Amino acid sequence: MINNTADPPTGATESSSPLIVQGDRTILAEVASPRYAEARDALARFAELVKSPEHVHTYRITPLSIWNACAAGERADEIVAMLRALSRYPVPDHIAFEIEDYAARYGSLTLHREDTRLVLGCRDRGLAELVAADRHAALLLGDRLSDTSFAVAPSSRGQLKLALIRIGYPVDDQAGYAAGEAFELSLRPATLGRGRPFIPRAYQRAAADAFHAGGSERGGSGVIVLPCGAGKTIVGMLCMDLLQTSTLVLTTCVTAVRQWIAELIDKTDIDPDLIGEYTGQKKEVRPITVSTYQMLTHRGPPADAGEHPYPHISLFGKRDWGLIVYDEVHLLPAPVFQITASLQARRRLGLTATLVREDGKEDDVFALIGPKKYDVPWKELEKQGWIAKAVCTEIRVRLPAHMQMSYAVADARTKFRMASENPAKIDLVKAVLDAHQGEPALVIGMYLDQLAAIAQPLGLPVITGSTPQRVRDGLYSDFKAGRIRILAVSKVANFAVDLPEASLAIQVSGTFGSRQEEAQRLGRVLRPKTLGNQAYFYSLVSRDTVEQEFAMKRQLFLCEQGYSYAIRNTEAAAPNPHTARSTVQDTSAP
């Protein structure tokens with residue numbers, strides 16, 4: 001018998017292999033491959049998603065992605081073996097070498113204690129000379145103790161780690177932490193919450209254990225990455241339970257402060273009088289204190305000589321904190337980064353749904369808060385029922401004819417705003433709400449005039465940054481209780497607002513190409529549901545405009561997590577969108 005099947009190229013694997021590893025450290029992943037899901041979940045551990053059009057997604061290997069993988073327990077040989085097993089063609093030799101080189105750098109510099117001194121240890125003399133020659137690092141080093149070690153002032157611990165990661169060498173900080181003020185607490189074994197006993201989930205326990213690391217020097221600083229709705233607050237409380245120490249919690253807004261306090265009261269045995277709220281309304285400093293980033297970075301009157309421009313930043317020194325929790329750590333503002341650099345002897349826990357920072361300062365989080373210690377793919381928790389299943393849909397609508405000439409001649413920023421505030425979206429919001437009658441819904445936007453234009457004809461209450469806290473709390477409470485079914489909210493609701501009943505989100509405008517914002521807004525509807533556990537996320541986008549381009553960038557992080565967007569176009573909008581109802585036409589793949 002004659003076999004006409006050609007032999008595959010030497011080193012190539014079966015055609016079902018979904019990856020092509022390229023010499024520029026990018027990796028192409030074929031979405032149609034039967035092994036795509038396996039490859040996507042593996043890549044999420046050590047590579048960054050760059051772009052995700054319909055058929056082929058592009059990932060990139062970076063030093064930081066490999067260092068985070070190493071901190072989570074991945075080994076270079078395992079990463080290379082996985083790439084070879086899933087790659088359609090041979091993995092370039094220099095890529096395997098670079099992965100091994102990046103991984104070897106993690107741990108080649110260590111901070112540790114010798115007697116009472118803080119010491120930077122280097123893997124070899126050559127690396128020590130490289131460190132000493134760097135002008136930023138050299139200013140932070142003390143006496144040279146040997147060919148491969150330097151004394152380090154405790155006050156320079158954080159700044160030195162920043163300087164060294166910027167020359168490509170992360171520091172494995174094993175110098176330990178101050179015990180802090182002891183504070184006994186325990187989780188209630190059977191707190192009744194929503195009719196169910198409170199029992200931490202296995203992944204929440206695993207996340208806390210990964211952070212604590214049995215109390216060793218390798219535990220006590222790092223970031224836990226979990227989807228919105230997966231219970232990051234519970235992880236924070238489990239870490240507090242493991243450490244038994246006075247704790248400062250920093251979060252994004254007063255609403256989140258009060259949610260933290262309510263959870264602490266509900267799920268621990270802490271006396272409520274020992275939990276402090278440090279906000280614009282209250283200035284309580286207790287063994288457990290919860291505050292906001294905005295409070296700490298609030299500027300007082302022009303400072304006299306010797307006064308700090310941020311008067312409330314002194315909260316960091318009000319007590320002997322044994323743990324500082326940074327909720328939504330990817331939002332850390334610069335002044336908090338600066339003070340955190342001097343707090344490296346305190347245990348530091350970062351909590352987030354995504355380590356993506358739009359300013360590119362992920363390495364600052366790595367150096368000052370700690371490496372990623374635990375991460376669970378969103379889709380994995382969805383399969384287990386811990387977060388709601390989500391259907392993501394982008395609906396594209398044309399600009400009305402009377403706006404198209406003005407749009408064509410506008411500058412870039414004006415184009416984006418015109419596309420975002422496209423009045424044709426108003427009827428489209430109503431059409432989506434009509435299609436999901438009865439679903440508790442959030443209409444989310446960036447521009448206040450747009451939210452008002454949508455909310456007024458529909459009779460929707462609106463929450464913005466200027467809404468008094470008392471009014472916000474009342475509207476959130478009414479929404480949770482079912483007395484209000486639809487809320488219009490600005491970006492103040494992007495983060496840390498717990499509205500578990502919401503199952504429908506309609507995004508009418510956003511912050512340019514912000515991936516973190518897209519993830520957080522989807523997160524508003526991912527809390528597990530009592531019935532069906534199904535959520536819907538719609539993004540309304542002006543067709544053939546810059547907003548459509550930014551929308552593709554916004555979706556990158558969620559595509560990495562396994563979500564896909566159905567794309568639907570509306571018919572051309574009428575000149576006056578208030579007189580003609582847009583009809584949605586499905587153009588997505590079957």
# chains A, B, ... in the order shown; residues from 1 in each chain; ligands from 1

$ select_by_dssp --residues "region 317-441 of chain A" --states "alpha helix (DSSP H)" --output "PyMOL selection string"
chain A and resi 334-341+362-368+378-383+401-409+412-420+424-435

$ write_last_selection --atoms "C-alpha atoms" --output "short mmCIF file (atom, residue, chain, number, x, y, z; two decimals), in the first residue's frame"
data_model
loop_
_atom_site.label_atom_id
_atom_site.label_comp_id
_atom_site.auth_asym_id
_atom_site.auth_seq_id
_atom_site.Cartn_x
_atom_site.Cartn_y
_atom_site.Cartn_z
CA ALA A 334 1.53 56.96 43.97
CA PRO A 335 1.59 58.41 47.53
CA VAL A 336 0.53 55.04 48.96
CA PHE A 337 3.25 53.34 46.89
CA GLN A 338 5.75 55.75 48.43
CA ILE A 339 4.74 55.13 52.03
CA THR A 340 4.53 51.38 51.37
CA ALA A 341 8.19 51.43 50.31
CA GLU A 362 2.80 46.06 37.71
CA ASP A 363 6.47 45.67 38.66
CA ASP A 364 6.01 48.24 41.46
CA VAL A 365 3.24 46.09 42.91
CA PHE A 366 5.51 43.05 42.62
CA ALA A 367 8.41 44.81 44.39
CA LEU A 368 6.53 46.65 47.15
CA TRP A 378 -12.36 32.84 36.32
CA LYS A 379 -13.85 30.09 34.20
CA GLU A 380 -12.70 27.46 36.70
CA LEU A 381 -14.72 29.09 39.50
CA GLU A 382 -17.63 29.50 37.09
CA LYS A 383 -17.59 25.74 36.41
CA ALA A 401 -26.40 61.14 10.52
CA HIS A 402 -26.48 64.69 11.92
CA MET A 403 -23.38 63.92 14.06
CA GLN A 404 -21.23 62.23 11.46
CA MET A 405 -19.70 65.36 9.88
CA SER A 406 -18.89 66.89 13.28
CA TYR A 407 -17.31 63.60 14.31
CA ALA A 408 -15.18 63.44 11.15
CA VAL A 409 -13.50 66.81 11.78
CA ALA A 412 -9.14 62.50 18.92
CA ARG A 413 -10.43 63.19 22.43
CA THR A 414 -13.62 64.84 21.16
CA LYS A 415 -14.19 61.91 18.78
CA PHE A 416 -14.03 59.50 21.71
CA ARG A 417 -16.50 61.49 23.78
CA MET A 418 -18.93 61.93 20.89
CA ALA A 419 -18.85 58.20 20.17
CA SER A 420 -19.24 57.35 23.86
CA ALA A 424 -28.64 56.29 19.72
CA LYS A 425 -27.57 54.32 22.77
CA ILE A 426 -30.53 55.65 24.75
CA ASP A 427 -33.13 53.61 22.86
CA LEU A 428 -30.70 50.70 22.79
CA VAL A 429 -30.55 50.63 26.59
CA LYS A 430 -34.32 50.45 26.72
CA ALA A 431 -34.32 47.64 24.13
CA VAL A 432 -31.87 45.58 26.22
CA LEU A 433 -33.83 46.21 29.42
CA ASP A 434 -37.05 45.16 27.64
CA ALA A 435 -35.34 41.95 26.50
#

$ residues_around --residues "Gly459 (chain A)" --least-positions-apart "3" --cutoff "12 Å" --atoms "only C-alpha atoms" --output "number ranges by chain"
A: 430, 451-456, 462, 484-488

$ residues_around --residues "region 175-180 of chain A" --least-positions-apart "5" --cutoff "12 Å" --atoms "only C-alpha atoms" --output "ChimeraX atom specification"
/A:110-121,152,154,157-158,212,215-221,243-248,287,317,319-324,343-348

$ write_last_selection --atoms "C-alpha atoms" --output "mmCIF file, in the first residue's frame"
data_model
loop_
_atom_site.group_PDB
_atom_site.id
_atom_site.type_symbol
_atom_site.label_atom_id
_atom_site.label_comp_id
_atom_site.auth_asym_id
_atom_site.auth_seq_id
_atom_site.Cartn_x
_atom_site.Cartn_y
_atom_site.Cartn_z
ATOM 1 C CA THR A 110 17.869 37.836 48.543
ATOM 2 C CA LEU A 111 17.222 40.126 51.466
ATOM 3 C CA HIS A 112 17.779 38.379 54.778
ATOM 4 C CA ARG A 113 18.841 39.085 58.324
ATOM 5 C CA GLU A 114 22.218 38.336 59.841
ATOM 6 C CA ASP A 115 21.987 38.986 63.562
ATOM 7 C CA THR A 116 20.419 42.441 63.689
ATOM 8 C CA ARG A 117 21.532 43.526 60.218
ATOM 9 C CA LEU A 118 19.575 43.544 56.983
ATOM 10 C CA VAL A 119 21.717 42.042 54.219
ATOM 11 C CA LEU A 120 21.385 41.881 50.432
ATOM 12 C CA GLY A 121 22.899 38.616 49.213
ATOM 13 C CA VAL A 152 21.060 47.574 53.778
ATOM 14 C CA PRO A 154 15.879 48.971 56.986
ATOM 15 C CA ARG A 157 14.350 48.029 51.953
ATOM 16 C CA GLY A 158 11.484 48.964 49.649
ATOM 17 C CA HIS A 212 0.879 32.869 55.078
ATOM 18 C CA GLY A 215 4.436 31.753 59.059
ATOM 19 C CA SER A 216 7.834 31.455 57.358
ATOM 20 C CA GLU A 217 9.885 34.346 55.961
ATOM 21 C CA ARG A 218 8.498 33.463 52.506
ATOM 22 C CA GLY A 219 4.994 34.225 53.720
ATOM 23 C CA GLY A 220 3.538 37.545 54.721
ATOM 24 C CA SER A 221 3.699 39.596 51.519
ATOM 25 C CA LEU A 243 -1.768 36.126 61.882
ATOM 26 C CA GLN A 244 -3.757 37.246 64.969
ATOM 27 C CA THR A 245 -2.521 40.813 64.741
ATOM 28 C CA SER A 246 -3.750 44.384 64.490
ATOM 29 C CA THR A 247 -4.755 45.084 60.876
ATOM 30 C CA LEU A 248 -5.190 48.125 58.652
ATOM 31 C CA PRO A 287 -7.069 47.431 66.453
ATOM 32 C CA GLY A 317 1.930 54.926 61.934
ATOM 33 C CA ARG A 319 -0.686 51.739 65.589
ATOM 34 C CA ASP A 320 1.815 48.909 65.426
ATOM 35 C CA TRP A 321 0.051 47.226 62.508
ATOM 36 C CA GLY A 322 0.987 43.600 61.956
ATOM 37 C CA LEU A 323 -0.856 43.384 58.610
ATOM 38 C CA ILE A 324 -1.858 45.913 55.958
ATOM 39 C CA LEU A 343 6.721 49.734 55.426
ATOM 40 C CA GLN A 344 8.477 46.604 54.210
ATOM 41 C CA ALA A 345 8.723 45.219 57.755
ATOM 42 C CA ARG A 346 4.905 45.006 57.891
ATOM 43 C CA ARG A 347 3.067 42.090 56.354
ATOM 44 C CA ARG A 348 1.304 43.210 53.189
#

$ residues_around --residues "Ala551 (chain A)" --least-positions-apart "3" --cutoff "12 Å" --atoms "only C-alpha atoms" --output "number ranges by chain"
A: 51-53, 393-396, 416, 419-420, 507-515, 517-518, 538-548, 554-558, 565, 567

$ closest_residue --among "A:Ile288, A:Met446, A:Ser149, A:Asp134" --to "Phe183 (chain A)" --atoms "only C-alpha atoms"
A:Ile288

$ closest_residue --among "A:Thr354, A:Asn68, A:Gln450, A:Ser503" --to "Leu526 (chain A)" --atoms "only C-alpha atoms"
A:Ser503

$ residues_around --residues "Pro200 (chain A)" --least-positions-apart "4" --cutoff "8 Å" --atoms "only C-alpha atoms" --output "mmCIF file with N, CA and C atoms, in the first residue's frame"
data_model
loop_
_atom_site.group_PDB
_atom_site.id
_atom_site.type_symbol
_atom_site.label_atom_id
_atom_site.label_comp_id
_atom_site.auth_asym_id
_atom_site.auth_seq_id
_atom_site.Cartn_x
_atom_site.Cartn_y
_atom_site.Cartn_z
ATOM 1 N N GLN A 204 -10.443 29.589 48.893
ATOM 2 C CA GLN A 204 -10.180 30.717 49.788
ATOM 3 C C GLN A 204 -9.166 30.327 50.859
ATOM 4 N N ARG A 205 -9.333 29.119 51.423
ATOM 5 C CA ARG A 205 -8.354 28.608 52.394
ATOM 6 C C ARG A 205 -6.979 28.462 51.746
ATOM 7 N N ILE A 234 -13.211 37.472 52.209
ATOM 8 C CA ILE A 234 -13.077 36.282 53.055
ATOM 9 C C ILE A 234 -11.613 35.865 53.155
#

$ closest_residue --among "A:Thr464, A:Asn569, A:Phe316, A:Gly385" --to "Val397 (chain A)" --atoms "only C-alpha atoms"
A:Asn569

$ closest_residue --among "A:Gln469, A:Ser87, A:Asn494, A:Thr58" --to "Ile20 (chain A)" --atoms "only C-alpha atoms"
A:Ser87

$ select_by_dssp --residues "region 149-263 of chain A" --states "strand (DSSP E or B)" --output "ChimeraX atom specification"
/A:149-152,171-173,182,187,192-193,196-197,221-225,245,247-251

$ atom_distance --atom1 "CA of Lys373 (chain A)" --atom2 "CA of Gly214 (chain A)"
13.4 Å

$ closest_residue --among "A:Tyr89, A:Tyr278, A:Tyr293, A:Tyr106" --to "Gly73 (chain A)" --atoms "only C-alpha atoms"
A:Tyr106

$ residues_around --residues "region 94-105 of chain A" --least-positions-apart "4" --cutoff "10 Å" --atoms "only C-alpha atoms" --output "PyMOL selection string"
chain A and resi 21-26+46+61-71+74-77+79-81+83-84+109+123+168-172

$ closest_residue --among "A:Leu49, A:Leu448, A:Leu19, A:Val356" --to "Cys559 (chain A)" --atoms "only C-alpha atoms"
A:Leu49
